[in-house]
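Here is final00.txt, consisting of compact mmCIF, C-alpha atoms:
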```txt
# COMPACT_ATOMS: atom_id res chain seq x y z
CA MET A 9 3.85 18.10 11.17
CA LEU A 10 0.99 15.61 11.13
CA GLN A 11 0.68 13.29 14.12
CA ILE A 12 -0.97 9.88 14.61
CA GLY A 13 -0.46 8.90 18.22
CA ASN A 14 3.29 9.17 18.76
CA CYS A 15 3.98 8.91 15.04
CA LEU A 16 5.14 12.19 13.53
CA LEU A 17 4.83 12.60 9.77
CA SER A 18 5.46 15.42 7.31
CA ASP A 19 2.77 18.02 6.77
CA PHE A 20 1.58 16.16 3.64
CA PRO A 21 2.64 12.52 3.98
CA LEU A 22 2.63 9.96 1.20
CA LEU A 23 1.57 6.47 2.22
CA LEU A 24 2.34 3.18 0.51
CA ALA A 25 -0.85 1.14 0.27
CA PRO A 26 -1.10 -2.40 1.64
CA MET A 27 -1.16 -4.54 -1.50
CA GLU A 28 -1.35 -8.32 -1.39
CA ASP A 29 1.67 -10.00 -3.02
CA VAL A 30 3.26 -6.58 -3.56
CA SER A 31 3.87 -4.67 -0.30
CA ASP A 32 6.44 -7.07 1.12
CA PRO A 33 9.72 -5.95 2.78
CA PRO A 34 11.73 -5.90 -0.49
CA PHE A 35 9.20 -3.64 -2.20
CA ARG A 36 8.75 -1.50 0.91
CA ALA A 37 12.52 -0.94 1.11
CA ILE A 38 12.53 0.40 -2.44
CA CYS A 39 9.54 2.70 -1.82
CA LYS A 40 11.05 3.96 1.43
CA ALA A 41 14.27 4.84 -0.39
CA HIS A 42 12.25 6.89 -2.89
CA GLY A 43 10.26 8.90 -0.38
CA ALA A 44 7.31 6.96 1.07
CA ASP A 45 6.58 8.47 4.50
CA LEU A 46 4.41 5.72 6.00
CA MET A 47 4.04 2.19 4.74
CA TYR A 48 1.70 -0.68 5.47
CA THR A 49 2.30 -4.40 5.16
CA GLU A 50 0.29 -6.70 2.95
CA PHE A 51 -3.00 -7.43 4.67
CA ILE A 52 -2.84 -10.34 7.09
CA SER A 53 -5.59 -12.79 7.92
CA SER A 54 -6.61 -12.62 11.58
CA GLU A 55 -7.54 -16.30 11.43
CA GLY A 56 -4.10 -17.09 10.04
CA LEU A 57 -2.42 -15.23 12.88
CA ILE A 58 -4.28 -16.95 15.70
CA ARG A 59 -3.69 -20.35 14.06
CA ASP A 60 0.02 -19.55 13.65
CA ALA A 61 -0.13 -20.04 9.87
CA ALA A 62 3.34 -19.66 8.40
CA LYS A 63 2.28 -17.30 5.59
CA SER A 64 0.51 -14.94 7.99
CA ILE A 65 3.31 -14.98 10.57
CA LYS A 66 5.88 -14.24 7.83
CA LYS A 67 4.01 -11.07 6.95
CA LEU A 68 4.61 -9.72 10.46
CA GLU A 69 8.30 -9.25 9.68
CA ILE A 70 9.22 -5.57 9.72
CA TYR A 71 12.57 -3.83 9.94
CA GLU A 72 13.82 -0.72 11.73
CA ALA A 73 14.70 1.01 8.47
CA GLU A 74 11.04 0.79 7.39
CA ARG A 75 9.64 2.82 10.26
CA PRO A 76 7.12 4.30 10.58
CA ILE A 77 5.15 1.26 9.43
CA GLY A 78 1.71 -0.19 10.03
CA ILE A 79 0.60 -3.82 10.01
CA GLN A 80 -2.83 -4.39 8.48
CA ILE A 81 -5.21 -7.17 9.47
CA PHE A 82 -8.61 -8.33 8.23
CA GLY A 83 -11.32 -10.63 9.52
CA ASP A 84 -15.02 -10.98 10.16
CA THR A 85 -15.08 -12.07 13.82
CA ILE A 86 -14.62 -9.50 16.58
CA GLU A 87 -12.96 -11.84 19.08
CA VAL A 88 -10.57 -13.24 16.48
CA MET A 89 -9.63 -9.74 15.33
CA ARG A 90 -9.05 -8.65 18.93
CA THR A 91 -6.76 -11.62 19.56
CA ALA A 92 -4.94 -11.03 16.27
CA ALA A 93 -4.41 -7.40 17.25
CA ALA A 94 -2.57 -8.53 20.37
CA ILE A 95 -0.31 -10.72 18.22
CA VAL A 96 0.35 -7.81 15.88
CA GLU A 97 1.32 -5.53 18.76
CA ARG A 98 4.04 -7.98 19.81
CA ALA A 99 5.67 -7.42 16.40
CA GLN A 100 6.06 -3.77 17.46
CA PRO A 101 4.77 -1.88 14.42
CA THR A 102 4.23 1.87 14.60
CA LEU A 103 0.52 1.44 13.87
CA LEU A 104 -2.12 -1.22 13.50
CA ASP A 105 -4.44 -0.85 10.52
CA ILE A 106 -7.84 -2.49 10.11
CA ASN A 107 -8.86 -3.48 6.59
CA TYR A 108 -12.46 -2.42 5.99
CA GLY A 109 -11.96 -2.02 2.25
CA CYS A 110 -10.84 -5.23 0.52
CA PRO A 111 -13.39 -5.90 -2.25
CA VAL A 112 -12.40 -9.42 -3.33
CA LYS A 113 -15.13 -12.04 -3.09
CA GLN A 114 -13.26 -14.42 -0.77
CA VAL A 115 -12.95 -11.61 1.81
CA ALA A 116 -15.86 -9.20 1.35
CA CYS A 117 -18.59 -11.78 0.85
CA LYS A 118 -17.63 -13.40 4.17
CA GLY A 119 -18.21 -10.15 6.04
CA ALA A 120 -14.60 -9.00 6.24
CA GLY A 121 -12.91 -6.17 4.35
CA ALA A 122 -15.51 -4.06 2.56
CA GLY A 123 -18.17 -6.59 3.55
CA ILE A 124 -18.36 -5.15 7.04
CA LEU A 125 -19.67 -1.87 5.59
CA LEU A 126 -23.04 -3.64 5.40
CA ASP A 127 -23.08 -3.80 9.21
CA LEU A 128 -21.88 -0.50 10.67
CA PRO A 129 -22.62 -1.35 14.32
CA LYS A 130 -20.44 -4.46 14.01
CA MET A 131 -17.77 -2.44 12.22
CA GLN A 132 -17.71 0.06 15.06
CA ALA A 133 -17.75 -2.61 17.77
CA MET A 134 -14.82 -4.43 16.14
CA ALA A 135 -12.76 -1.25 15.91
CA ALA A 136 -13.58 -0.41 19.53
CA GLU A 137 -12.36 -3.79 20.77
CA ILE A 138 -9.12 -3.51 18.81
CA VAL A 139 -8.47 0.01 20.11
CA LYS A 140 -8.98 -1.23 23.68
CA GLN A 141 -6.74 -4.25 23.08
CA VAL A 142 -3.59 -2.46 21.92
CA SER A 143 -1.53 0.50 23.10
CA ILE A 144 -0.33 1.50 19.62
CA PRO A 145 -2.41 3.78 17.35
CA VAL A 146 -5.16 2.11 15.33
CA THR A 147 -5.98 3.31 11.82
CA VAL A 148 -8.48 2.09 9.23
CA LYS A 149 -8.54 1.78 5.46
CA THR A 150 -12.02 1.63 3.98
CA ARG A 151 -14.11 2.24 0.88
CA LEU A 152 -17.04 4.56 0.26
CA GLY A 153 -19.55 1.79 0.85
CA TRP A 154 -20.79 -1.52 -0.51
CA ASP A 155 -22.46 0.12 -3.51
CA HIS A 156 -23.61 3.60 -4.48
CA GLN A 157 -26.99 3.07 -2.84
CA SER A 158 -25.39 2.39 0.54
CA ILE A 159 -22.66 5.03 0.80
CA LYS A 160 -22.48 6.23 4.41
CA ILE A 161 -18.82 7.14 4.55
CA LEU A 162 -19.25 10.16 6.84
CA GLU A 163 -21.09 7.99 9.37
CA VAL A 164 -18.40 5.32 9.02
CA VAL A 165 -15.63 7.78 9.87
CA GLN A 166 -17.63 9.35 12.70
CA ARG A 167 -18.22 5.93 14.26
CA LEU A 168 -14.53 5.02 13.95
CA GLN A 169 -13.41 8.35 15.38
CA ASP A 170 -15.81 7.94 18.31
CA VAL A 171 -14.15 4.67 19.40
CA GLY A 172 -10.59 5.96 19.16
CA VAL A 173 -9.40 5.21 15.63
CA GLN A 174 -6.72 7.83 14.98
CA ALA A 175 -6.70 8.14 11.17
CA VAL A 176 -8.74 6.84 8.24
CA THR A 177 -7.74 6.24 4.62
CA ILE A 178 -10.66 6.31 2.19
CA HIS A 179 -10.50 4.64 -1.20
CA GLY A 180 -12.89 6.53 -3.45
CA ARG A 181 -14.71 3.50 -4.84
CA THR A 182 -17.45 1.22 -3.59
CA ARG A 183 -17.00 -2.51 -3.18
CA GLN A 184 -19.28 -3.03 -6.17
CA GLN A 185 -16.87 -1.05 -8.37
CA MET A 186 -13.89 -3.23 -7.42
CA TYR A 187 -11.07 -1.37 -9.26
CA LYS A 188 -13.17 -0.29 -12.24
CA GLY A 189 -14.39 3.16 -13.15
CA SER A 190 -13.04 6.26 -11.47
CA ALA A 191 -12.49 6.93 -7.80
CA ASP A 192 -14.92 9.61 -6.57
CA TRP A 193 -12.95 11.91 -4.32
CA SER A 194 -15.89 14.24 -3.69
CA TYR A 195 -17.01 11.94 -0.86
CA ILE A 196 -13.49 11.98 0.59
CA GLY A 197 -13.42 15.77 0.45
CA ALA A 198 -16.83 16.00 2.12
CA VAL A 199 -15.62 13.85 5.03
CA LYS A 200 -12.49 15.94 5.45
CA ALA A 201 -14.50 19.18 5.35
CA ASP A 202 -17.11 18.04 7.88
CA PRO A 203 -16.64 19.94 11.15
CA SER A 204 -17.26 16.80 13.22
CA ILE A 205 -14.11 15.12 11.87
CA HIS A 206 -10.84 15.93 13.62
CA ILE A 207 -8.65 12.90 12.81
CA PRO A 208 -6.39 12.80 9.72
CA ILE A 209 -8.09 11.75 6.51
CA PHE A 210 -6.00 10.25 3.73
CA GLY A 211 -7.27 9.88 0.17
CA ASN A 212 -6.66 6.88 -2.07
CA GLY A 213 -7.56 5.95 -5.63
CA ASP A 214 -6.30 6.83 -9.12
CA ILE A 215 -3.36 9.01 -8.07
CA ASP A 216 -0.80 8.33 -10.78
CA SER A 217 1.10 11.60 -11.25
CA PRO A 218 2.53 14.50 -9.23
CA THR A 219 0.17 16.99 -10.83
CA LYS A 220 -2.89 14.93 -9.98
CA ALA A 221 -1.70 14.35 -6.42
CA ILE A 222 -1.30 18.05 -5.67
CA ALA A 223 -4.45 19.01 -7.56
CA TYR A 224 -6.45 16.56 -5.42
CA LYS A 225 -4.72 17.76 -2.26
CA ASP A 226 -5.75 21.32 -3.04
CA LYS A 227 -9.26 20.47 -4.19
CA TYR A 228 -10.25 17.97 -1.51
CA GLY A 229 -8.13 19.10 1.44
CA VAL A 230 -6.89 15.65 2.45
CA ASP A 231 -4.10 15.37 5.01
CA GLY A 232 -2.09 13.00 2.82
CA ILE A 233 -2.38 10.54 -0.02
CA MET A 234 -2.04 6.76 -0.12
CA ILE A 235 -0.57 5.39 -3.33
CA GLY A 236 -1.06 1.83 -4.48
CA ARG A 237 -0.99 0.57 -8.05
CA ALA A 238 0.88 3.60 -9.42
CA SER A 239 3.90 2.68 -7.28
CA ILE A 240 4.22 -0.86 -8.66
CA GLY A 241 7.32 -0.75 -10.85
CA TYR A 242 7.48 3.00 -10.36
CA PRO A 243 8.56 3.83 -6.79
CA TRP A 244 9.86 7.15 -8.13
CA ILE A 245 6.31 8.49 -7.90
CA PHE A 246 6.88 9.31 -4.22
CA ARG A 247 9.90 11.54 -4.84
CA GLU A 248 8.25 13.09 -7.88
CA ILE A 249 5.17 14.12 -5.91
CA LYS A 250 7.29 15.50 -3.08
CA HIS A 251 9.44 17.51 -5.48
CA TYR A 252 6.42 18.92 -7.29
CA HIS A 253 4.75 19.78 -3.99
CA ALA A 254 7.85 21.62 -2.78
CA THR A 255 8.86 23.39 -5.99
CA GLY A 256 6.01 23.31 -8.49
CA ASN A 257 8.37 21.69 -10.98
CA LEU A 258 8.29 18.19 -12.43
CA LEU A 259 11.30 15.91 -12.12
CA PRO A 260 12.46 14.08 -15.25
CA PRO A 261 11.54 10.39 -15.34
CA PRO A 262 14.15 7.88 -14.13
CA THR A 263 16.84 6.96 -16.60
CA LEU A 264 17.35 3.40 -17.75
CA VAL A 265 20.40 3.19 -15.49
CA GLU A 266 18.27 4.23 -12.49
CA ARG A 267 15.66 1.63 -13.39
CA ILE A 268 18.27 -1.11 -13.68
CA GLU A 269 19.91 -0.16 -10.38
CA THR A 270 16.53 -0.20 -8.63
CA VAL A 271 15.59 -3.57 -10.12
CA LYS A 272 18.90 -5.00 -8.90
CA LYS A 273 18.33 -3.66 -5.39
CA HIS A 274 14.78 -5.02 -5.36
CA LEU A 275 15.99 -8.44 -6.52
CA THR A 276 18.74 -8.47 -3.90
CA HIS A 277 16.25 -7.65 -1.13
CA ALA A 278 13.83 -10.32 -2.41
CA ILE A 279 16.53 -13.01 -2.37
CA GLU A 280 17.70 -11.96 1.10
CA TRP A 281 14.15 -12.13 2.44
CA LYS A 282 12.86 -15.34 0.84
CA GLY A 283 15.90 -17.15 -0.53
CA GLU A 284 17.15 -17.25 -4.11
CA ARG A 285 14.53 -19.50 -5.66
CA THR A 286 11.43 -17.81 -4.19
CA GLY A 287 12.95 -14.34 -4.43
CA ILE A 288 13.59 -14.77 -8.14
CA LEU A 289 10.14 -16.21 -8.78
CA GLU A 290 8.33 -13.42 -6.92
CA MET A 291 10.41 -10.74 -8.60
CA ARG A 292 9.10 -11.79 -12.02
CA ARG A 293 5.80 -10.00 -11.49
CA HIS A 294 7.64 -6.66 -11.25
CA TYR A 295 9.77 -6.61 -14.42
CA ALA A 296 7.03 -5.55 -16.83
CA ASN A 297 6.16 -2.60 -14.60
CA TYR A 298 9.75 -1.50 -14.05
CA PHE A 299 10.41 -1.41 -17.79
CA ARG A 300 7.04 -0.15 -18.98
CA GLY A 301 7.56 2.26 -21.86
CA VAL A 302 11.24 1.42 -22.31
CA THR A 303 11.96 0.74 -25.97
CA GLY A 304 13.89 -2.35 -26.94
CA ILE A 305 13.11 -4.25 -23.74
CA LYS A 306 10.78 -6.82 -25.28
CA ARG A 307 13.54 -9.19 -26.39
CA TYR A 308 14.88 -9.41 -22.83
CA ARG A 309 11.57 -9.86 -21.04
CA SER A 310 11.15 -13.58 -21.67
CA SER A 311 14.66 -14.25 -20.38
CA LEU A 312 14.06 -12.20 -17.23
CA VAL A 313 10.92 -14.15 -16.36
CA THR A 314 12.34 -17.61 -17.11
CA THR A 315 15.89 -17.40 -15.73
CA ASN A 316 16.37 -19.05 -12.33
CA ASP A 317 19.89 -17.87 -11.54
CA ALA A 318 20.51 -14.51 -9.85
CA ARG A 319 23.91 -14.00 -11.46
CA THR A 320 22.48 -14.63 -14.93
CA ILE A 321 19.69 -12.13 -14.28
CA GLY A 322 22.31 -9.61 -13.21
CA ASP A 323 24.20 -10.20 -16.44
CA LEU A 324 21.00 -9.70 -18.43
CA LEU A 325 20.36 -6.39 -16.68
CA ASP A 326 23.92 -5.27 -17.38
CA GLU A 327 23.47 -6.23 -21.02
CA ILE A 328 20.33 -4.12 -21.28
CA THR A 329 22.25 -1.13 -19.97
CA GLN A 330 25.18 -1.73 -22.27
CA LYS A 331 23.09 -2.27 -25.40
CA ARG A 332 21.16 0.94 -24.80
CA SER A 333 24.40 2.83 -24.10
CA ASP A 334 25.69 1.61 -27.47
CA GLY A 335 22.51 2.84 -29.13
CA ASP A 336 21.24 -0.65 -29.93
```

What do you get writing this file as structure tokens?
Amino acid sequence: MLQIGNCLLSDFPLLLAPMEDVSDPPFRAICKAHGADLMYTEFISSEGLIRDAAKSIKKLEIYEAERPIGIQIFGDTIEVMRTAAAIVERAQPTLLDINYGCPVKQVACKGAGAGILLDLPKMQAMAAEIVKQVSIPVTVKTRLGWDHQSIKILEVVQRLQDVGVQAVTIHGRTRQQMYKGSADWSYIGAVKADPSIHIPIFGNGDIDSPTKAIAYKDKYGVDGIMIGRASIGYPWIFREIKHYHATGNLLPPPTLVERIETVKKHLTHAIEWKGERTGILEMRRHYANYFRGVTGIKRYRSSLVTTNDARTIGDLLDEITQKRSDGD
């Protein structure tokens, strides 16, 4: 078993990445049902929390069935982040995660997210204050560095470990790369292999299949893997990796019936969480991913993303199943 504070995980846990506009409770419920061991919320603005902004406060909502779960925050001001951490702790997550990896301009260029990697003393001081503020475990998600000329990821992890951070997830790209190119896991493996590092190290970036997940586990020695984009519309990736890890065999892909059932559950959760109108609107971004590669789905896609009635959407999904069963 792997342990982060009082949080016990499997010997090779799979983590659901914090993804803005994706990792909400409805999506997390689906990923949990398909094998995610530890999940994180969408990242939350520390400024939004201390100003009681409705959008930020809404993101604090977590449910018992989701545990273990971490709430992730970002910000560029130490005092604001410390105060936000206290607010997060009152929501009673399993963990608190600090975002030192977001590459988007509105975050990183203001000194938050990956931007703080340009100021390692400040990064360390911020983490230290948050660790002192809360009684729950603190983890960090970060990138290799701002660009390839400034990669100091081993020093980053050493500094975080020194102030009490209990686990670090490393995305194998720099901020400059954004989401382009390939994630370089050699840096992640070097951190994990360094004798000075004794906290869990999770790898993140480009894991999109069971075979790749286990190959990277074996090659780079990480304690677990965080999965982001590959899980969008394909939560089955968690169970597929677990099965391959345990047996060495690949599971068959989900059937159309499984996909339809999962979409229905996701839609139901979305409506329960945000109401019918918003739930339906926010679900639209997921349909293309859920049905990627399914033949004959094109003629239904426009209806799925324009229909505003849950019952009608359910009828459409049933029709897709029936038409395929009839060989149409």

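In this model, the gap between atom CA of Ile321 of chain A and atom CA of Thr286 of chain A comes to 14.2 Å.
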
Practice task
Might you pull out every residue within 9 Å of Ala296 of chain A, with all atoms listed in the file counted and same-chain residues fewer than 4 positions away left off, and present them as a list in words?
Solution key: Gly241, Arg292, Arg300 and Arg309 of chain A

Shell of 6 Å around Arg181 of chain A, all atoms listed in the file, local chain residues under 2 positions omitted, as a PDB file with C-alpha atoms, in the frame of the given file:
```pdb
ATOM      1  CA  ARG A 151     -14.110   2.240   0.880  1.00  0.00           C
ATOM      2  CA  LEU A 152     -17.040   4.560   0.260  1.00  0.00           C
ATOM      3  CA  HIS A 179     -10.500   4.640  -1.200  1.00  0.00           C
ATOM      4  CA  ALA A 191     -12.490   6.930  -7.800  1.00  0.00           C
TER       5      ALA A 191
END
```

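Separating atom CA of Arg285 of chain A from atom CA of Thr320 of chain A is a distance of 13.1 Å.
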
Practice task
Extract, using all atoms listed in the file, all DNA, RNA and protein residues at most 12 Å from Lys160 of chain A, discarding same-chain residues fewer than 3 positions from it, and format them as a PyMOL selection string.
Solution key: chain A and resi 125-128+150-157+163-167+182+195-196+198-199

Handout entry: A:Leu104, A:Val173, A:Ala254, A:Leu24 ranked by distance to Lys40 of chain A, top pick (using all atoms listed in the file)
Key =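 Among A:Leu104, A:Val173, A:Ala254, A:Leu24, it is A:Leu24 that comes nearest to Lys40 of chain A.
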
Handout entry: Spatial neighbours of Ala41 of chain A, max dist 12 Å, only C-alpha atoms, sep filter under 5 positions, as JSON, numbers by chain
Key = {"A": [34, 35, 36, 46, 47, 73, 74, 75, 243, 244, 245, 246, 247, 270, 273, 274]}

Exercise for the section: May I have the residues within 8 Å of segment 257-263 of chain A as a list in words, using only C-alpha atoms and disregarding those fewer than 4 positions away in the same chain? Expected result: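 Near segment 257-263 of chain A, the qualifying residues are Pro218, Trp244, Glu248, His251, Tyr252 and Arg267 of chain A.
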